[in-house]
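*Asks:* Take a look at entry.txt, compact mmCIF, C-alpha atoms:
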```
# COMPACT_ATOMS: atom_id res chain seq x y z
CA ARG U 1 -109.44 232.04 118.48
CA LYS U 2 -109.83 231.85 114.70
CA GLU U 3 -108.36 234.74 112.72
CA VAL U 4 -111.61 235.24 110.81
CA GLU U 5 -114.89 234.04 112.27
CA GLN U 6 -118.19 233.63 110.48
CA ASP U 7 -121.54 232.05 111.25
CA PRO U 8 -121.54 228.92 109.05
CA GLY U 9 -125.30 229.02 108.49
CA PRO U 10 -127.00 227.78 106.46
CA PHE U 11 -129.21 230.78 105.94
CA ASN U 12 -132.39 229.65 104.17
CA VAL U 13 -134.29 232.63 102.79
CA PRO U 14 -137.12 233.11 100.26
CA GLU U 15 -136.57 234.89 96.98
CA GLY U 16 -136.76 238.63 97.40
CA ALA U 17 -135.63 238.60 101.02
CA THR U 18 -132.86 240.72 102.48
CA VAL U 19 -130.13 238.80 104.24
CA ALA U 20 -127.08 239.96 106.20
CA PHE U 21 -123.85 238.15 107.00
CA ASN U 22 -121.37 239.19 109.63
CA CYS U 23 -117.74 238.43 110.22
CA THR U 24 -115.14 239.34 112.84
CA TYR U 25 -111.37 239.32 112.51
CA SER U 26 -108.75 239.10 115.23
CA ASN U 27 -105.71 240.90 113.79
CA SER U 28 -106.07 244.65 114.17
CA ALA U 29 -103.19 245.13 111.69
CA SER U 30 -105.34 243.80 108.84
CA GLN U 31 -105.30 246.19 105.91
CA SER U 32 -107.65 244.90 103.23
CA PHE U 33 -111.01 243.22 103.43
CA PHE U 34 -113.07 241.30 100.92
CA TRP U 35 -116.07 239.13 100.39
CA TYR U 36 -115.56 236.15 98.11
CA ARG U 37 -118.29 233.92 96.74
CA GLN U 38 -117.80 230.18 96.31
CA ASP U 39 -120.29 228.04 94.42
CA CYS U 40 -120.49 224.32 95.18
CA ARG U 41 -117.38 222.52 93.89
CA LYS U 42 -116.00 225.70 92.34
CA GLU U 43 -113.17 228.06 93.19
CA PRO U 44 -113.65 231.23 95.27
CA LYS U 45 -114.32 234.37 93.23
CA LEU U 46 -114.04 237.95 94.40
CA LEU U 47 -117.46 239.45 95.07
CA MET U 48 -116.37 242.82 96.37
CA SER U 49 -113.78 244.67 98.37
CA VAL U 50 -114.85 246.27 101.65
CA TYR U 51 -113.97 249.83 102.62
CA SER U 52 -114.40 251.78 105.85
CA SER U 53 -116.78 254.16 104.13
CA GLY U 54 -118.96 251.26 103.05
CA ASN U 55 -119.54 250.34 99.46
CA GLU U 56 -122.38 249.13 97.32
CA ASP U 57 -122.50 247.08 94.15
CA GLY U 58 -126.04 246.65 92.90
CA ARG U 59 -127.94 244.56 95.44
CA PHE U 60 -124.83 244.01 97.58
CA THR U 61 -123.62 246.35 100.32
CA ALA U 62 -120.46 245.79 102.37
CA GLN U 63 -119.46 247.59 105.56
CA LEU U 64 -116.31 247.62 107.64
CA ASN U 65 -116.00 248.69 111.27
CA ARG U 66 -112.30 248.82 112.11
CA ALA U 67 -112.87 249.73 115.76
CA SER U 68 -114.98 246.61 116.32
CA GLN U 69 -113.02 244.52 113.78
CA TYR U 70 -116.29 243.64 112.14
CA ILE U 71 -117.29 243.20 108.48
CA SER U 72 -120.77 242.79 107.07
CA LEU U 73 -122.43 241.92 103.78
CA LEU U 74 -126.04 242.78 102.99
CA ILE U 75 -127.86 241.22 100.06
CA ARG U 76 -131.13 242.80 99.03
CA ASP U 77 -133.83 241.23 96.86
CA SER U 78 -132.22 237.78 97.00
CA LYS U 79 -132.18 235.73 93.80
CA LEU U 80 -131.98 231.96 93.43
CA SER U 81 -128.59 232.51 91.79
CA ASP U 82 -127.27 234.07 95.02
CA SER U 83 -127.23 230.60 96.61
CA ALA U 84 -123.56 229.98 97.44
CA THR U 85 -121.06 230.13 100.28
CA TYR U 86 -119.84 233.62 101.15
CA LEU U 87 -116.29 233.82 102.45
CA CYS U 88 -115.11 236.72 104.58
CA VAL U 89 -111.46 237.47 103.78
CA VAL U 90 -108.81 239.72 105.32
CA ASN U 91 -105.30 240.61 104.24
CA LEU U 92 -102.42 242.03 106.28
CA GLY U 93 -101.43 244.14 103.29
CA GLY U 94 -98.56 244.18 100.87
CA ARG U 95 -98.09 241.04 98.85
CA ARG U 96 -99.54 238.83 101.57
CA ALA U 97 -101.76 235.82 101.26
CA LEU U 98 -105.43 236.05 102.12
CA THR U 99 -106.88 234.76 105.38
CA PHE U 100 -110.30 233.21 104.88
CA GLY U 101 -113.17 232.58 107.21
CA SER U 102 -114.93 229.22 106.97
CA GLY U 103 -117.78 230.73 105.00
CA THR U 104 -121.50 231.29 105.45
CA ARG U 105 -123.78 229.20 103.31
CA LEU U 106 -126.81 230.88 101.74
CA GLN U 107 -129.70 228.97 100.20
CA VAL U 108 -132.33 231.10 98.46
CA GLN U 109 -135.58 229.24 98.01
CA PRO U 110 -138.35 229.83 95.43
CA GLU C 1 -107.69 236.52 79.24
CA ALA C 2 -106.86 232.93 80.23
CA GLY C 3 -107.33 232.13 83.90
CA VAL C 4 -105.24 230.10 86.32
CA ALA C 5 -104.89 226.54 85.04
CA GLN C 6 -104.54 223.52 87.28
CA SER C 7 -104.17 219.81 86.66
CA PRO C 8 -105.24 217.22 87.34
CA ARG C 9 -108.76 218.21 88.37
CA TYR C 10 -109.30 215.05 90.41
CA LYS C 11 -106.97 212.52 91.98
CA ILE C 12 -107.60 209.45 94.10
CA ILE C 13 -104.66 207.76 95.80
CA GLU C 14 -104.01 205.45 98.70
CA LYS C 15 -102.31 206.64 101.87
CA ARG C 16 -98.53 206.60 101.77
CA GLN C 17 -98.54 207.14 97.99
CA SER C 18 -97.13 210.27 96.37
CA VAL C 19 -98.99 212.85 94.31
CA ALA C 20 -98.13 216.02 92.41
CA PHE C 21 -100.25 218.94 91.30
CA TRP C 22 -99.45 221.49 88.62
CA CYS C 23 -100.41 225.15 88.31
CA ASN C 24 -99.98 227.66 85.50
CA PRO C 25 -100.77 231.20 86.72
CA ILE C 26 -102.18 234.05 84.69
CA SER C 27 -99.52 235.44 82.37
CA GLY C 28 -97.53 238.23 83.99
CA HIS C 29 -98.62 237.47 87.55
CA ALA C 30 -95.51 237.42 89.71
CA THR C 31 -97.12 236.10 92.88
CA LEU C 32 -98.41 232.54 93.13
CA TYR C 33 -100.14 230.87 96.06
CA TRP C 34 -101.10 227.32 96.96
CA TYR C 35 -104.05 226.94 99.34
CA GLN C 36 -105.56 223.83 100.92
CA GLN C 37 -109.34 223.80 101.39
CA ILE C 38 -110.73 221.04 103.58
CA LEU C 39 -114.46 220.35 103.27
CA GLY C 40 -116.49 222.86 105.26
CA GLN C 41 -113.57 225.24 105.80
CA GLY C 42 -112.12 228.24 104.04
CA PRO C 43 -108.90 227.97 102.02
CA LYS C 44 -105.71 227.93 104.08
CA LEU C 45 -102.38 229.13 102.69
CA LEU C 46 -99.71 226.47 102.21
CA ILE C 47 -97.04 228.45 100.36
CA GLN C 48 -96.58 231.77 98.56
CA PHE C 49 -94.05 232.50 95.82
CA GLN C 50 -92.88 235.84 94.48
CA ASN C 51 -91.41 235.02 91.07
CA ASN C 52 -89.32 231.92 91.88
CA GLY C 53 -88.64 232.77 95.52
CA VAL C 54 -90.60 231.58 98.56
CA VAL C 55 -92.27 234.42 100.51
CA ASP C 56 -94.18 232.40 103.09
CA ASP C 57 -94.18 228.67 103.72
CA SER C 58 -94.83 228.80 107.46
CA GLN C 59 -97.95 226.65 107.22
CA LEU C 60 -96.55 224.06 104.81
CA PRO C 61 -96.08 220.63 106.47
CA LYS C 62 -92.52 220.33 105.23
CA ASP C 63 -92.08 216.73 106.33
CA ARG C 64 -94.40 215.66 103.52
CA PHE C 65 -95.26 218.66 101.33
CA SER C 66 -92.92 220.40 98.90
CA ALA C 67 -93.44 223.00 96.22
CA GLU C 68 -91.34 224.68 93.59
CA ARG C 69 -91.60 227.40 90.99
CA LEU C 70 -88.29 227.03 89.22
CA LYS C 71 -88.66 229.51 86.36
CA GLY C 72 -91.02 231.89 88.10
CA VAL C 73 -94.02 230.77 86.07
CA ASP C 74 -95.48 227.27 86.53
CA SER C 75 -95.50 225.63 89.92
CA THR C 76 -95.81 222.11 91.26
CA LEU C 77 -96.97 220.99 94.71
CA LYS C 78 -96.05 217.51 95.88
CA ILE C 79 -97.23 215.36 98.77
CA GLN C 80 -95.01 212.45 99.75
CA PRO C 81 -96.27 210.34 101.47
CA ALA C 82 -99.97 211.24 101.59
CA LYS C 83 -102.11 210.85 104.70
CA LEU C 84 -105.88 210.49 105.00
CA GLU C 85 -106.15 214.04 106.38
CA ASP C 86 -104.62 215.43 103.16
CA SER C 87 -107.97 214.83 101.42
CA ALA C 88 -108.94 218.33 100.31
CA VAL C 89 -109.12 220.68 97.37
CA TYR C 90 -105.77 222.24 96.48
CA LEU C 91 -106.26 225.69 95.03
CA CYS C 92 -103.66 227.67 93.14
CA ALA C 93 -104.02 231.43 92.89
CA SER C 94 -102.02 234.19 91.25
CA SER C 95 -102.11 237.91 91.75
CA LEU C 96 -101.10 241.18 90.21
CA GLU C 97 -100.80 244.49 91.98
CA PHE C 98 -102.54 247.39 90.27
CA ARG C 99 -102.77 250.87 91.76
CA GLY C 100 -101.94 249.56 95.21
CA GLN C 101 -104.62 246.89 95.12
CA GLU C 102 -103.73 243.21 94.91
CA THR C 103 -106.41 240.91 93.51
CA GLN C 104 -106.01 237.15 93.66
CA TYR C 105 -107.48 234.92 90.99
CA PHE C 106 -108.05 231.25 91.75
CA GLY C 107 -107.77 228.23 89.55
CA PRO C 108 -110.46 225.52 89.54
CA GLY C 109 -108.54 223.42 92.06
CA THR C 110 -107.44 219.81 92.28
CA ARG C 111 -109.72 217.62 94.37
CA LEU C 112 -107.65 214.99 96.20
CA LEU C 113 -109.08 211.94 97.91
CA VAL C 114 -106.71 209.82 100.00
CA LEU C 115 -108.03 206.33 100.81
```
Spell out the structure here as structure tokens.
*Replies:*
Amino acid sequence: RKEVEQDPGPFNVPEGATVAFNCTYSNSASQSFFWYRQDCRKEPKLLMSVYSSGNEDGRFTAQLNRASQYISLLIRDSKLSDSATYLCVVNLGGRRALTFGSGTRLQVQP
Amino acid sequence: EAGVAQSPRYKIIEKRQSVAFWCNPISGHATLYWYQQILGQGPKLLIQFQNNGVVDDSQLPKDRFSAERLKGVDSTLKIQPAKLEDSAVYLCASSLEFRGQETQYFGPGTRLLVL
């Protein structure tokens, strides 16, 4: 079983749509959770951290369910510029490396 | 603030040849990581340094891959000899802990093609 599992997509949505991505992780000792964004042929960049209480950053909302070992990302009012691959990432804590999912590709269409 | 620098950006070699990649982390970042990202997959850790010491190299194929960070700043990753399956993007990242939160910043990567 992969440590972090994501639906690879692609998700093809029209501008203005709401889209949700889900992710599950296998290690219950995981401490920190993130969503990274990766544009084509670019490096991953931190989109947002994910907290148990849920957190929102503009059109983006992230949720964490520790009991189910499940992370989600909701994007409202999709823009063309949101087209990218979204990587679900977990960390065991401390100065540990990140464990990445394979990513979910989003294509927002005009 | 300058980001993580990597060179070269692209490299094409034949199998069984050797190749080396260089990384200069963000100034002051003690932790440095090398990741391998194969097309269609997420980045996978190869090796992690804390200053000039190795923290985790459990996923580094040590028969052909080596890495060093002699002075605790720059780092080099070497593949010798390369195989076809080493074709990937090699990402360097550095991190700094602030208020209990560690954020990793990635360089642009080196895209390697082994023919």
*Asks:* Specify as a PyMOL selection string all residues of chain C found within 7 Å of chain U, counting all atoms listed in the file.
*Replies:* chain C and resi 40-43+45+106-109
*Asks:* What is the distance between CA of Val50 (chain U) and CA of Asn24 (chain C), in Å to one decimal?
*Replies:*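 We find that CA of Val50 (chain U) and CA of Asn24 (chain C) lie 28.8 Å from each other.
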*Asks:* Rank U:Glu3, U:Asp57, U:Asp82, U:Asp39 by their smallest atom-to-atom distance to Pro110 (chain U), using only C-alpha atoms, and report the top residue only.
*Replies:*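 Once distances to Pro110 (chain U) are computed over only C-alpha atoms, the minimum belongs to U:Asp82.
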*Asks:* Give me, please, the distance in Å between CA of Val54 (chain C) and CA of Val89 (chain C), quoted to one decimal.
*Replies:*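 CA of Val54 (chain C) sits 21.5 Å away from CA of Val89 (chain C).
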*Asks:* What's the separation between CA of Asn12 (chain U) and CA of Gly58 (chain U), in Å to one decimal place?
*Replies:* 21.4 Å
*Asks:* Using all atoms listed in the file, can you list as a PDB file with C-alpha atoms, in the frame of the given file the residues within 7 Å of (-120.4, 241.6, 105.9)?
*Replies:*
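Result written to part-v1.pdb:
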```pdb
ATOM      1  CA  ALA U  20    -127.080 239.960 106.200  1.00  0.00           C
ATOM      2  CA  PHE U  21    -123.850 238.150 107.000  1.00  0.00           C
ATOM      3  CA  ASN U  22    -121.370 239.190 109.630  1.00  0.00           C
ATOM      4  CA  CYS U  23    -117.740 238.430 110.220  1.00  0.00           C
ATOM      5  CA  ALA U  62    -120.460 245.790 102.370  1.00  0.00           C
ATOM      6  CA  GLN U  63    -119.460 247.590 105.560  1.00  0.00           C
ATOM      7  CA  ILE U  71    -117.290 243.200 108.480  1.00  0.00           C
ATOM      8  CA  SER U  72    -120.770 242.790 107.070  1.00  0.00           C
ATOM      9  CA  LEU U  73    -122.430 241.920 103.780  1.00  0.00           C
ATOM     10  CA  LEU U  74    -126.040 242.780 102.990  1.00  0.00           C
TER      11      LEU U  74
END
```
*Asks:* Quick one: everything within 10 Å of Asp77 (chain U), counting all atoms listed in the file, minus sequence neighbours fewer than 6 positions away in the same chain. Send it as a PyMOL selection string.
*Replies:* chain U and resi 14-19+59-60
*Asks:* Pick out the closest residue to Ala29 (chain U) from this set: U:Val90, U:Ala84, U:Val13, U:Leu47. Count only C-alpha atoms.
*Replies:*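 The closest residue to Ala29 (chain U) is U:Val90.
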*Asks:* Using all atoms listed in the file for the distances, tell me which of C:Gln6, C:Ser27, C:Gln104, C:Ser66 is nearest to Leu46 (chain C).
*Replies:*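 Of all the options, C:Ser66 lies closest to Leu46 (chain C).
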*Asks:* From the coordinates I just gave you, please extract region 15-29 of chain C so that only all heavy atoms remain, then output it as an mmCIF file, in the first residue's frame.
*Replies:*
```cif
data_model
loop_
_atom_site.group_PDB
_atom_site.id
_atom_site.type_symbol
_atom_site.label_atom_id
_atom_site.label_comp_id
_atom_site.auth_asym_id
_atom_site.auth_seq_id
_atom_site.Cartn_x
_atom_site.Cartn_y
_atom_site.Cartn_z
ATOM 1 N N LYS C 15 23.542 5.608 -20.939
ATOM 2 C CA LYS C 15 23.628 4.678 -19.792
ATOM 3 C C LYS C 15 25.083 4.283 -19.574
ATOM 4 O O LYS C 15 25.886 4.237 -20.510
ATOM 5 C CB LYS C 15 22.738 3.460 -20.011
ATOM 6 C CG LYS C 15 23.065 2.634 -21.216
ATOM 7 C CD LYS C 15 22.069 1.483 -21.356
ATOM 8 C CE LYS C 15 22.401 0.658 -22.600
ATOM 9 N NZ LYS C 15 21.404 -0.413 -22.835
ATOM 10 N N ARG C 16 25.375 4.053 -18.332
ATOM 11 C CA ARG C 16 26.713 3.683 -17.844
ATOM 12 C C ARG C 16 27.647 4.888 -17.690
ATOM 13 O O ARG C 16 28.730 4.742 -17.151
ATOM 14 C CB ARG C 16 27.371 2.589 -18.692
ATOM 15 C CG ARG C 16 26.683 1.236 -18.546
ATOM 16 C CD ARG C 16 27.485 0.141 -19.247
ATOM 17 N NE ARG C 16 27.417 0.274 -20.688
ATOM 18 C CZ ARG C 16 26.437 -0.244 -21.427
ATOM 19 N NH1 ARG C 16 25.447 -0.905 -20.868
ATOM 20 N NH2 ARG C 16 26.452 -0.098 -22.745
ATOM 21 N N GLN C 17 27.200 6.074 -18.158
ATOM 22 C CA GLN C 17 28.011 7.268 -17.907
ATOM 23 C C GLN C 17 27.759 7.777 -16.489
ATOM 24 O O GLN C 17 26.843 7.326 -15.795
ATOM 25 C CB GLN C 17 27.660 8.363 -18.926
ATOM 26 C CG GLN C 17 28.239 8.121 -20.313
ATOM 27 C CD GLN C 17 28.033 9.299 -21.245
ATOM 28 O OE1 GLN C 17 26.986 9.962 -21.212
ATOM 29 N NE2 GLN C 17 29.017 9.574 -22.080
ATOM 30 N N SER C 18 28.575 8.736 -16.074
ATOM 31 C CA SER C 18 28.439 9.351 -14.761
ATOM 32 C C SER C 18 27.889 10.761 -14.912
ATOM 33 O O SER C 18 28.071 11.402 -15.957
ATOM 34 C CB SER C 18 29.796 9.432 -14.062
ATOM 35 O OG SER C 18 30.336 8.145 -13.917
ATOM 36 N N VAL C 19 27.219 11.224 -13.841
ATOM 37 C CA VAL C 19 26.667 12.580 -13.871
ATOM 38 C C VAL C 19 26.657 13.125 -12.445
ATOM 39 O O VAL C 19 26.564 12.357 -11.476
ATOM 40 C CB VAL C 19 25.246 12.580 -14.483
ATOM 41 C CG1 VAL C 19 24.264 11.793 -13.623
ATOM 42 C CG2 VAL C 19 24.751 13.991 -14.730
ATOM 43 N N ALA C 20 26.783 14.439 -12.336
ATOM 44 C CA ALA C 20 26.748 15.078 -11.010
ATOM 45 C C ALA C 20 25.855 16.293 -11.055
ATOM 46 O O ALA C 20 25.838 17.033 -12.051
ATOM 47 C CB ALA C 20 28.161 15.481 -10.572
ATOM 48 N N PHE C 21 25.119 16.490 -9.970
ATOM 49 C CA PHE C 21 24.227 17.636 -9.835
ATOM 50 C C PHE C 21 24.666 18.450 -8.631
ATOM 51 O O PHE C 21 25.139 17.898 -7.637
ATOM 52 C CB PHE C 21 22.775 17.180 -9.611
ATOM 53 C CG PHE C 21 22.301 16.119 -10.549
ATOM 54 C CD1 PHE C 21 21.693 14.969 -10.068
ATOM 55 C CD2 PHE C 21 22.453 16.258 -11.915
ATOM 56 C CE1 PHE C 21 21.251 13.982 -10.926
ATOM 57 C CE2 PHE C 21 22.016 15.272 -12.774
ATOM 58 C CZ PHE C 21 21.418 14.127 -12.282
ATOM 59 N N TRP C 22 24.428 19.753 -8.713
ATOM 60 C CA TRP C 22 24.855 20.661 -7.643
ATOM 61 C C TRP C 22 23.649 21.413 -7.080
ATOM 62 O O TRP C 22 22.710 21.760 -7.812
ATOM 63 C CB TRP C 22 25.891 21.633 -8.221
ATOM 64 C CG TRP C 22 26.293 22.710 -7.286
ATOM 65 C CD1 TRP C 22 27.209 22.648 -6.287
ATOM 66 C CD2 TRP C 22 25.804 24.052 -7.275
ATOM 67 N NE1 TRP C 22 27.320 23.846 -5.665
ATOM 68 C CE2 TRP C 22 26.470 24.743 -6.240
ATOM 69 C CE3 TRP C 22 24.859 24.747 -8.045
ATOM 70 C CZ2 TRP C 22 26.236 26.080 -5.952
ATOM 71 C CZ3 TRP C 22 24.614 26.076 -7.767
ATOM 72 C CH2 TRP C 22 25.300 26.722 -6.727
ATOM 73 N N CYS C 23 23.682 21.670 -5.786
ATOM 74 C CA CYS C 23 22.606 22.399 -5.133
ATOM 75 C C CYS C 23 23.189 23.399 -4.145
ATOM 76 O O CYS C 23 24.085 23.059 -3.351
ATOM 77 C CB CYS C 23 21.674 21.437 -4.395
ATOM 78 S SG CYS C 23 20.424 22.241 -3.358
ATOM 79 N N ASN C 24 22.658 24.619 -4.171
ATOM 80 C CA ASN C 24 23.005 25.634 -3.182
ATOM 81 C C ASN C 24 21.728 26.016 -2.452
ATOM 82 O O ASN C 24 20.837 26.635 -3.045
ATOM 83 C CB ASN C 24 23.616 26.853 -3.870
ATOM 84 C CG ASN C 24 24.141 27.870 -2.874
ATOM 85 O OD1 ASN C 24 24.138 27.637 -1.668
ATOM 86 N ND2 ASN C 24 24.595 28.993 -3.366
ATOM 87 N N PRO C 25 21.587 25.651 -1.182
ATOM 88 C CA PRO C 25 20.330 25.909 -0.469
ATOM 89 C C PRO C 25 20.180 27.386 -0.116
ATOM 90 O O PRO C 25 21.093 28.188 -0.301
ATOM 91 C CB PRO C 25 20.486 25.070 0.797
ATOM 92 C CG PRO C 25 21.961 25.069 1.047
ATOM 93 C CD PRO C 25 22.590 25.045 -0.315
ATOM 94 N N ILE C 26 19.032 27.720 0.413
ATOM 95 C CA ILE C 26 18.784 29.075 0.902
ATOM 96 C C ILE C 26 19.722 29.332 2.082
ATOM 97 O O ILE C 26 19.917 28.449 2.941
ATOM 98 C CB ILE C 26 17.315 29.239 1.307
ATOM 99 C CG1 ILE C 26 16.417 29.126 0.065
ATOM 100 C CG2 ILE C 26 17.084 30.572 2.006
ATOM 101 C CD1 ILE C 26 14.938 29.090 0.357
ATOM 102 N N SER C 27 20.291 30.519 2.110
ATOM 103 C CA SER C 27 21.256 30.863 3.150
ATOM 104 C C SER C 27 20.665 30.667 4.548
ATOM 105 O O SER C 27 19.544 31.114 4.824
ATOM 106 C CB SER C 27 21.681 32.326 2.969
ATOM 107 O OG SER C 27 22.563 32.715 3.991
ATOM 108 N N GLY C 28 21.413 29.958 5.385
ATOM 109 C CA GLY C 28 20.963 29.745 6.758
ATOM 110 C C GLY C 28 20.148 28.489 6.975
ATOM 111 O O GLY C 28 19.854 28.125 8.112
ATOM 112 N N HIS C 29 19.754 27.827 5.888
ATOM 113 C CA HIS C 29 18.962 26.601 6.035
ATOM 114 C C HIS C 29 19.900 25.436 6.345
ATOM 115 O O HIS C 29 20.737 25.070 5.534
ATOM 116 C CB HIS C 29 18.166 26.319 4.758
ATOM 117 C CG HIS C 29 16.976 27.190 4.596
ATOM 118 N ND1 HIS C 29 15.929 26.870 3.738
ATOM 119 C CD2 HIS C 29 16.622 28.348 5.198
ATOM 120 C CE1 HIS C 29 15.011 27.804 3.811
ATOM 121 N NE2 HIS C 29 15.406 28.722 4.687
#
```
